[in-house]
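Notes follow the structure.
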Amino acid sequence: MSEITVYTTEPCSLCTAAKALLQSRGLSFKEINLSKDDAGRAALASRTGMMTFPQVLVGDTLVGGFRETQAAVADGHFDELLAS
């Protein structure tokens, strides 16, 4: 199973919602909080092309933010990513 990484900031209600969604499915994930890490934010934006939070990755694949993650869970794509 691929590792799930959730990049977050504070305060961020969508970050909280994304983590709750994953936890509700019994999925473990690594959280990386970039609230006080401007260089980390810049590096992540360069890597993913996204400036918003949360950012959910499965392995090296960007799922997206909360809404994209929620949609991927609903349509089964998230499970496909975990299995690959």
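Letters A, B, ... go to the chains of the structure tokens in the order shown; residues in each chain start at 1; ligands are counted from 1 in the same order.
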
Report task. Can you pull out every residue within 8 Å of range 60-75 of chain A, counting only C-alpha atoms, but drop anything in the same chain fewer than 5 positions away, and send it as a list in words? Result -> Leu14, Cys15, Ala17, Ala18, Leu21, Thr48, Thr52, Phe53, Pro54 and Gln55 of chain A

With C-alpha atoms kept, could you save the residues just selected as a short mmCIF file (atom, residue, chain, number, x, y, z; two decimals), in the first residue's frame?
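Once written, result_15.cif looks like this:
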data_model
loop_
_atom_site.label_atom_id
_atom_site.label_comp_id
_atom_site.auth_asym_id
_atom_site.auth_seq_id
_atom_site.Cartn_x
_atom_site.Cartn_y
_atom_site.Cartn_z
CA LEU A 14 -10.38 21.93 5.00
CA CYS A 15 -7.15 20.42 6.36
CA ALA A 17 -11.82 17.83 7.14
CA ALA A 18 -9.33 15.97 4.92
CA LEU A 21 -12.08 11.82 6.08
CA THR A 48 2.68 20.06 -7.13
CA THR A 52 -3.68 25.90 -1.46
CA PHE A 53 -4.02 23.52 1.47
CA PRO A 54 -4.53 20.75 2.25
CA GLN A 55 -2.58 18.84 -0.34
#

Report task. Go through chain A and collect every residue that DSSP, computed from the backbone, puts in alpha helix (DSSP H); the answer should be as an MDAnalysis selection string. Result -> chainID A and resid 13:24 38:48 66:75 77:83

Report task. Among the residues of chain A, find those DSSP assigns to strand (DSSP E) from the backbone and print them as a VMD selection string. Result -> chain A and resid 4 to 8 30 to 33 55 to 58 61 to 64

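Shortest separation to Arg41 in chain A among A:Ser84, A:Tyr7, A:Ser2, A:Arg25 occurs at residue A:Tyr7, atoms counted being only C-alpha atoms.
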
Requested in this report: Pick out the residues sitting within 8 Å of Ile4 in chain A, and hand them over as a PyMOL selection string; count only C-alpha atoms, and ignore anything fewer than 2 positions along from it in its own chain.
Outcome: chain A and resi 2+6+28-30+56-59

Query raised in the report: At what distance in Å, to one decimal, does CA of Gln23 in chain A lie from CA of Leu82 in chain A?
Result: 14.7 Å
